[in-house]
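Pasted below: final04.txt, compact mmCIF, C-alpha atoms and all ligand atoms.
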```
# COMPACT_ATOMS: atom_id res chain seq x y z
CA MET A 1 112.46 -44.39 -24.30
CA ASP A 2 114.41 -45.18 -27.45
CA SER A 3 118.13 -44.69 -26.94
CA TYR A 4 118.35 -42.91 -30.31
CA SER A 5 115.72 -40.35 -29.59
CA GLY A 6 116.81 -38.50 -26.47
CA VAL A 7 113.18 -37.55 -25.82
CA SER A 8 110.39 -39.23 -23.94
CA ALA A 9 106.99 -38.86 -25.60
CA LYS A 10 103.70 -38.83 -23.71
CA HIS A 11 101.70 -41.95 -24.55
CA PHE A 12 98.08 -43.01 -24.04
CA LEU A 13 98.24 -46.75 -23.44
CA SER A 14 95.78 -46.78 -20.55
CA LEU A 15 93.34 -44.36 -18.89
CA LEU A 16 95.82 -44.34 -16.01
CA ASP A 17 98.37 -42.50 -18.19
CA LEU A 18 96.38 -39.29 -17.73
CA SER A 19 95.40 -37.67 -14.46
CA PRO A 20 91.71 -37.45 -13.51
CA ALA A 21 91.89 -33.68 -14.16
CA GLU A 22 93.45 -34.19 -17.60
CA LEU A 23 90.76 -36.75 -18.49
CA ARG A 24 87.95 -34.41 -17.48
CA GLN A 25 89.54 -31.56 -19.42
CA LEU A 26 89.82 -33.85 -22.44
CA ILE A 27 86.13 -34.82 -22.24
CA ALA A 28 85.11 -31.16 -22.04
CA ARG A 29 87.34 -30.37 -25.01
CA ALA A 30 85.83 -33.28 -26.98
CA THR A 31 82.38 -31.73 -26.54
CA GLU A 32 83.74 -28.34 -27.67
CA LEU A 33 85.32 -29.89 -30.76
CA LYS A 34 82.02 -31.65 -31.48
CA GLY A 35 80.28 -28.27 -31.42
CA LEU A 36 82.83 -26.78 -33.83
CA GLN A 37 82.45 -29.69 -36.24
CA HIS A 38 78.64 -29.64 -36.08
CA ARG A 39 78.65 -25.89 -36.82
CA GLY A 40 81.02 -26.43 -39.76
CA GLU A 41 83.79 -24.35 -38.17
CA ILE A 42 87.28 -25.25 -39.37
CA HIS A 43 89.86 -26.03 -36.67
CA GLU A 44 93.19 -27.28 -38.01
CA PRO A 45 95.85 -27.36 -35.29
CA LEU A 46 97.47 -30.47 -36.78
CA LYS A 47 98.23 -29.15 -40.26
CA ASN A 48 101.05 -31.14 -41.88
CA ARG A 49 101.00 -33.71 -39.06
CA THR A 50 100.66 -37.43 -39.76
CA LEU A 51 99.11 -40.17 -37.64
CA GLY A 52 100.31 -43.71 -38.38
CA MET A 53 97.53 -46.25 -37.71
CA ILE A 54 98.75 -49.82 -37.21
CA PHE A 55 95.97 -52.40 -37.34
CA GLU A 56 96.57 -56.06 -36.50
CA LYS A 57 92.84 -56.62 -35.92
CA ALA A 58 89.71 -55.56 -37.78
CA SER A 59 88.02 -52.20 -37.16
CA THR A 60 85.26 -49.96 -38.44
CA ARG A 61 84.81 -47.20 -35.82
CA THR A 62 88.41 -46.86 -34.69
CA ARG A 63 89.85 -46.57 -38.17
CA VAL A 64 87.23 -44.18 -39.50
CA SER A 65 87.11 -41.99 -36.38
CA PHE A 66 90.89 -41.53 -36.28
CA GLU A 67 91.19 -41.03 -40.02
CA ALA A 68 88.29 -38.58 -40.34
CA GLY A 69 89.40 -36.88 -37.12
CA MET A 70 92.90 -36.26 -38.46
CA THR A 71 91.47 -34.84 -41.69
CA GLN A 72 89.27 -32.46 -39.69
CA LEU A 73 92.26 -31.36 -37.59
CA GLY A 74 94.13 -30.49 -40.80
CA GLY A 75 96.45 -33.51 -40.73
CA HIS A 76 96.74 -36.86 -42.43
CA ALA A 77 96.28 -40.46 -41.32
CA LEU A 78 98.10 -43.44 -42.73
CA PHE A 79 96.47 -46.89 -42.56
CA LEU A 80 99.11 -49.56 -41.90
CA SER A 81 97.79 -53.11 -41.88
CA SER A 82 100.13 -55.76 -40.51
CA ARG A 83 99.16 -57.81 -43.56
CA ASP A 84 101.06 -55.52 -45.89
CA THR A 85 103.79 -53.97 -43.76
CA GLN A 86 107.03 -55.63 -42.64
CA LEU A 87 105.58 -55.89 -39.11
CA GLY A 88 103.49 -58.78 -40.40
CA ARG A 89 106.64 -60.44 -41.77
CA GLY A 90 108.47 -60.42 -38.48
CA GLU A 91 110.32 -57.07 -38.44
CA PRO A 92 111.02 -56.48 -34.73
CA ILE A 93 108.55 -54.20 -32.93
CA GLU A 94 111.44 -52.08 -31.61
CA ASP A 95 112.80 -51.45 -35.12
CA SER A 96 109.35 -50.63 -36.51
CA ALA A 97 108.82 -48.14 -33.67
CA ARG A 98 112.20 -46.47 -34.25
CA VAL A 99 111.62 -46.09 -37.98
CA LEU A 100 107.96 -45.06 -38.01
CA SER A 101 108.40 -42.56 -35.19
CA ARG A 102 111.07 -40.74 -37.21
CA MET A 103 108.51 -40.14 -39.96
CA VAL A 104 105.12 -39.61 -38.39
CA ASP A 105 103.97 -37.42 -35.46
CA CYS A 106 101.80 -39.90 -33.59
CA ILE A 107 101.12 -43.63 -33.84
CA MET A 108 97.90 -45.47 -33.06
CA ILE A 109 98.06 -49.25 -32.58
CA ARG A 110 95.39 -51.96 -32.45
CA THR A 111 96.99 -55.27 -31.58
CA PHE A 112 96.72 -58.44 -29.50
CA GLU A 113 99.29 -58.43 -26.70
CA HIS A 114 99.43 -55.34 -24.51
CA ALA A 115 103.15 -56.02 -23.90
CA GLY A 116 103.78 -55.54 -27.64
CA LEU A 117 102.15 -52.11 -27.49
CA GLU A 118 104.26 -51.18 -24.45
CA LEU A 119 107.42 -52.32 -26.22
CA PHE A 120 106.53 -50.23 -29.26
CA ALA A 121 105.88 -47.17 -27.08
CA LYS A 122 109.19 -47.63 -25.28
CA HIS A 123 111.03 -47.25 -28.57
CA SER A 124 108.87 -44.53 -30.11
CA ARG A 125 109.93 -40.89 -30.26
CA VAL A 126 106.33 -39.80 -30.74
CA PRO A 127 103.13 -40.37 -28.74
CA VAL A 128 101.61 -43.85 -29.04
CA ILE A 129 97.86 -44.39 -28.59
CA ASN A 130 96.28 -47.70 -27.58
CA ALA A 131 93.50 -48.34 -30.08
CA LEU A 132 92.64 -51.68 -28.38
CA THR A 133 94.71 -54.55 -27.08
CA ASP A 134 93.54 -57.83 -25.55
CA LEU A 135 93.90 -56.06 -22.18
CA LEU A 136 92.51 -52.52 -22.61
CA HIS A 137 90.47 -50.23 -24.89
CA PRO A 138 90.93 -46.77 -23.35
CA CYS A 139 89.85 -44.71 -26.41
CA GLN A 140 86.40 -46.27 -26.17
CA LEU A 141 86.13 -45.12 -22.56
CA LEU A 142 86.86 -41.52 -23.55
CA ALA A 143 83.86 -41.71 -25.87
CA ASP A 144 81.70 -43.49 -23.30
CA MET A 145 82.47 -40.93 -20.61
CA GLN A 146 81.84 -38.05 -23.01
CA THR A 147 78.50 -39.61 -23.92
CA TYR A 148 77.49 -40.04 -20.28
CA PHE A 149 78.53 -36.45 -19.43
CA GLU A 150 76.54 -35.10 -22.39
CA HIS A 151 73.38 -37.02 -21.49
CA ARG A 152 73.49 -37.02 -17.69
CA GLY A 153 76.25 -34.70 -16.44
CA ASP A 154 79.15 -35.75 -14.27
CA ILE A 155 79.44 -39.49 -13.60
CA ALA A 156 81.24 -39.01 -10.24
CA GLY A 157 79.31 -40.91 -7.59
CA GLY A 158 77.30 -42.72 -10.27
CA ARG A 159 76.54 -46.46 -10.40
CA VAL A 160 77.64 -48.42 -13.45
CA VAL A 161 77.03 -52.10 -14.16
CA TRP A 162 79.10 -54.18 -16.55
CA ILE A 163 77.35 -57.31 -17.83
CA GLY A 164 79.33 -60.06 -19.58
CA ASP A 165 82.95 -60.89 -20.22
CA GLY A 166 85.74 -59.57 -17.97
CA ASN A 167 87.54 -58.43 -21.13
CA ASN A 168 89.48 -55.41 -22.45
CA MET A 169 86.39 -53.17 -22.24
CA CYS A 170 85.60 -54.35 -18.71
CA HIS A 171 89.20 -53.63 -17.67
CA SER A 172 88.96 -50.12 -19.09
CA TYR A 173 85.69 -49.59 -17.20
CA ILE A 174 87.50 -50.57 -14.00
CA ASN A 175 90.21 -48.00 -14.73
CA ALA A 176 87.52 -45.43 -15.58
CA ALA A 177 85.81 -46.09 -12.23
CA ARG A 178 89.08 -45.08 -10.54
CA GLN A 179 89.71 -42.03 -12.70
CA PHE A 180 86.13 -40.71 -12.87
CA ASP A 181 85.13 -41.82 -9.38
CA PHE A 182 82.06 -44.02 -9.96
CA SER A 183 81.12 -47.41 -8.56
CA LEU A 184 81.12 -50.44 -10.85
CA ASN A 185 79.33 -53.76 -10.42
CA ILE A 186 80.67 -56.48 -12.70
CA ALA A 187 78.44 -59.46 -13.54
CA CYS A 188 80.30 -62.23 -15.35
CA PRO A 189 80.22 -66.04 -15.37
CA GLU A 190 82.70 -67.90 -13.20
CA GLY A 191 86.04 -68.17 -14.98
CA TYR A 192 85.43 -65.01 -17.05
CA GLU A 193 86.15 -62.45 -14.34
CA PRO A 194 88.42 -59.46 -15.04
CA ASP A 195 92.15 -59.49 -14.32
CA THR A 196 92.67 -59.65 -10.56
CA GLY A 197 95.47 -57.06 -10.60
CA ILE A 198 93.39 -54.46 -12.45
CA LEU A 199 90.36 -55.20 -10.29
CA GLY A 200 92.30 -55.19 -7.01
CA ALA A 201 93.90 -51.82 -7.78
CA ALA A 202 90.44 -50.25 -8.01
CA GLY A 203 89.64 -51.10 -4.37
CA ASP A 204 86.10 -51.19 -3.00
CA ARG A 205 84.48 -49.20 -5.81
CA CYS A 206 84.49 -52.22 -8.16
CA LYS A 207 82.71 -55.42 -7.15
CA VAL A 208 82.16 -58.72 -8.96
CA ILE A 209 78.51 -59.75 -8.45
CA PRO A 210 77.92 -62.91 -10.53
CA ASP A 211 74.10 -62.51 -10.64
CA PRO A 212 73.39 -59.96 -13.41
CA MET A 213 69.97 -59.00 -12.00
CA ALA A 214 71.42 -58.23 -8.58
CA ALA A 215 74.39 -56.40 -10.13
CA ALA A 216 72.10 -54.13 -12.21
CA GLU A 217 70.02 -52.95 -9.24
CA GLY A 218 69.67 -49.16 -9.36
CA ALA A 219 72.37 -48.66 -12.02
CA ASP A 220 72.67 -45.31 -13.84
CA LEU A 221 74.53 -46.89 -16.74
CA VAL A 222 74.32 -50.45 -18.10
CA VAL A 223 77.17 -51.59 -20.36
CA THR A 224 77.96 -54.78 -22.21
CA ASP A 225 80.15 -56.07 -25.03
CA VAL A 226 80.43 -59.13 -27.27
CA TRP A 227 80.79 -62.52 -25.63
CA ALA A 228 83.71 -63.52 -27.88
CA SER A 229 86.25 -60.79 -28.60
CA MET A 230 88.55 -60.57 -31.60
CA GLY A 231 90.95 -63.51 -31.41
CA GLN A 232 88.39 -65.69 -29.57
CA GLU A 233 86.31 -66.65 -32.61
CA GLY A 234 87.01 -70.36 -31.98
CA GLU A 235 85.29 -70.08 -28.57
CA GLN A 236 82.08 -68.50 -29.94
CA ALA A 237 79.80 -71.56 -29.53
CA GLU A 238 81.10 -72.41 -26.05
CA ARG A 239 80.80 -68.79 -24.94
CA GLU A 240 77.22 -68.53 -26.26
CA ARG A 241 76.35 -71.38 -23.92
CA ILE A 242 78.26 -70.04 -20.90
CA PHE A 243 77.06 -66.42 -21.27
CA ALA A 244 73.41 -67.28 -22.06
CA GLY A 245 72.18 -65.80 -18.77
CA TYR A 246 74.12 -62.56 -19.28
CA GLN A 247 71.99 -60.81 -21.89
CA VAL A 248 71.05 -57.17 -21.39
CA ASN A 249 67.31 -57.28 -22.10
CA ASP A 250 64.18 -55.50 -20.90
CA ALA A 251 64.01 -57.58 -17.70
CA LEU A 252 67.56 -56.59 -16.80
CA MET A 253 67.03 -52.92 -17.69
CA ALA A 254 63.97 -52.96 -15.42
CA ARG A 255 66.29 -53.59 -12.46
CA ALA A 256 68.39 -50.52 -13.27
CA ASP A 257 67.38 -46.94 -12.46
CA LYS A 258 64.40 -45.69 -14.48
CA ASP A 259 66.69 -43.16 -16.21
CA ALA A 260 69.51 -45.63 -16.83
CA LEU A 261 71.41 -45.36 -20.10
CA PHE A 262 72.58 -48.33 -22.17
CA MET A 263 75.99 -48.38 -23.90
CA HIS A 264 77.85 -50.88 -26.09
CA CYS A 265 81.16 -50.20 -27.84
CA LEU A 266 79.89 -52.04 -30.96
CA PRO A 267 79.85 -54.13 -33.05
CA ALA A 268 76.84 -55.70 -31.30
CA HIS A 269 75.19 -59.09 -31.66
CA ARG A 270 71.46 -58.63 -31.18
CA GLY A 271 69.97 -61.67 -29.49
CA GLU A 272 73.27 -62.53 -27.78
CA GLU A 273 74.72 -60.01 -25.31
CA VAL A 274 71.90 -57.51 -25.93
CA SER A 275 68.29 -57.76 -27.08
CA ALA A 276 67.19 -55.68 -30.08
CA SER A 277 64.59 -54.04 -27.81
CA VAL A 278 67.34 -52.58 -25.61
CA ILE A 279 69.98 -51.57 -28.16
CA ASP A 280 67.32 -50.08 -30.46
CA GLY A 281 65.27 -48.74 -27.56
CA VAL A 282 64.93 -45.34 -25.89
CA ARG A 283 67.64 -45.82 -23.25
CA SER A 284 70.31 -46.77 -25.76
CA VAL A 285 72.86 -44.07 -26.62
CA VAL A 286 75.08 -46.29 -28.75
CA TRP A 287 75.02 -44.05 -31.85
CA ASP A 288 76.09 -40.97 -29.88
CA GLU A 289 78.69 -43.18 -28.22
CA ALA A 290 80.05 -44.28 -31.62
CA GLU A 291 80.12 -40.70 -32.96
CA ASN A 292 81.92 -39.51 -29.85
CA ARG A 293 84.84 -41.81 -30.65
CA MET A 294 85.82 -39.23 -33.24
CA HIS A 295 85.39 -36.14 -31.06
CA ALA A 296 87.11 -37.68 -28.03
CA GLN A 297 90.06 -38.89 -30.09
CA LYS A 298 90.40 -35.48 -31.75
CA ALA A 299 90.69 -34.01 -28.26
CA LEU A 300 93.26 -36.70 -27.39
CA LEU A 301 95.32 -36.00 -30.53
CA GLU A 302 95.23 -32.27 -29.85
CA PHE A 303 96.30 -32.88 -26.23
CA LEU A 304 99.17 -35.23 -27.12
CA LEU A 305 100.45 -33.23 -30.09
CA THR A 306 99.94 -29.62 -29.10
CA GLY A 307 99.96 -29.86 -25.29
N1 LIG B 1 84.24 -50.02 -30.73
C1 LIG B 1 85.24 -50.23 -31.61
O1 LIG B 1 86.43 -50.12 -31.27
O2 LIG B 1 84.83 -50.52 -32.87
P1 LIG B 1 85.72 -51.05 -34.08
O3 LIG B 1 86.20 -52.42 -33.72
O4 LIG B 1 84.81 -51.04 -35.27
O5 LIG B 1 86.90 -50.12 -34.25
N1 LIG B 2 85.97 -56.76 -26.66
C1 LIG B 2 85.87 -56.47 -28.07
C2 LIG B 2 85.80 -55.00 -28.31
C3 LIG B 2 85.65 -54.61 -29.76
C4 LIG B 2 85.64 -53.13 -29.98
C5 LIG B 2 87.05 -57.08 -28.80
O1 LIG B 2 88.17 -56.98 -28.29
O2 LIG B 2 86.85 -57.67 -29.86
```

Since I need it in another form, could you write the structure as structure tokens?
Amino acid sequence: MDSYSGVSAKHFLSLLDLSPAELRQLIARATELKGLQHRGEIHEPLKNRTLGMIFEKASTRTRVSFEAGMTQLGGHALFLSSRDTQLGRGEPIEDSARVLSRMVDCIMIRTFEHAGLELFAKHSRVPVINALTDLLHPCQLLADMQTYFEHRGDIAGGRVVWIGDGNNMCHSYINAARQFDFSLNIACPEGYEPDTGILGAAGDRCKVIPDPMAAAEGADLVVTDVWASMGQEGEQAERERIFAGYQVNDALMARADKDALFMHCLPAHRGEEVSASVIDGVRSVVWDEAENRMHAQKALLEFLLTG
């Protein structure tokens, strides 16, 4: 908490910041808000409110879903690239948090180090949302869970398989397994496993099974992500070689349950982590998943700003 503020805001830096009941309520609300928007019904609880959006990495979905979402909720969103704010010229994170949070009502941050996000939140008077760090991507999981619930009902007791890098998305899937009560098999090459602390905290429900075919056996949901995340562009060629056996393709999907869904946070690289036949095939729900970013984040903004 910032010493100037005298108030402690509720933040969303990780899925673990909300209770399982709050997360489920938020997913249900996201589907309600989706219905309102699809029917053209106006719902503007955030009139005159501003969301500051700090981007230190590229984005298509996150930027547009937050910005369009704020417009639909009656508010305004402000795009703040580190390239043209003082943050990019070395203004301390603490000072930026103190100043911005005296002007806007909520702040969304996409950055590299998770510790930087936590430092910002500590000095912010207003709610801070994690819009992706090197460690976690919780907003994506809200959309993924909403998408699963809409297609298949409750995921509790379900079997999910993560294929690929033990990265920020994988870490958020581990946290989701805890909060939404599903089991998660993680298939990744040696040396690319998820963080041991995050994995260990999830207990028996999350297992690393290096063989992707074995890991996918009977899965209800198959998920993957790029082999080289933002900031790892220099490792692309090496990772293509190391991850070559970790593609989600028809052979892998055949090991999953016959009704298994396929998800990917996007952007995707067809021919690398996923074949075109899978991502463009009948089990793929990636376009619903992308759309749900907006509905889920609207529910999150409403929750954080109106209670
Ligand atoms: N999935 C996701 O966060 O996409 P963007 O990088 O385009 O925001
Ligand atoms: N793991 C990816 C997710 C992109 C939405 C990255 O961090 O680049």

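Ranking A:Pro194, A:Gly52, A:Gly281, A:Gly69 by their shortest atom-to-atom distance to Ser81 of chain A, with all atoms listed in the file included, puts A:Gly52 first.
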
What gap, in Å, lies between atom CA of Lys207 of chain A and atom CA of Gly191 of chain A?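 So the two atoms, atom CA of Lys207 of chain A and atom CA of Gly191 of chain A, lie 15.3 Å apart.
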
Quick one: everything within 7 Å of Phe180 of chain A, counting only C-alpha atoms, minus sequence neighbours fewer than 2 positions away in the same chain. Send it as a ChimeraX atom specification. /A:20,155-156,176-178,182

Counting all atoms listed in the file, which residue out of A:Gly166, A:Gly90, A:Pro189, A:Pro138 sits closest to Ser229 of chain A? A:Gly166

Excluding same-chain residues fewer than 3 positions from Arg270 of chain A, what lies within 10 Å of it counting only C-alpha atoms, as a PyMOL selection string? chain A and resi 226+247-248+267+273-280

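Closest to ligand LIG 2 (chain B) among A:Ala187, A:Ala260, A:Ala21, A:Leu132 is A:Leu132, based on all atoms listed in the file.
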
Point out the residue among A:Ala97, A:Leu23, A:Val161, A:Ala202 with the least atom-to-atom distance to Arg255 of chain A, counting only C-alpha atoms. A:Val161

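Restricting the calculation to all atoms listed in the file, the smallest distance between ligand LIG 1 (chain B) and any of A:Arg24, A:Arg63, A:Lys10, A:Arg152 is found for A:Arg63.
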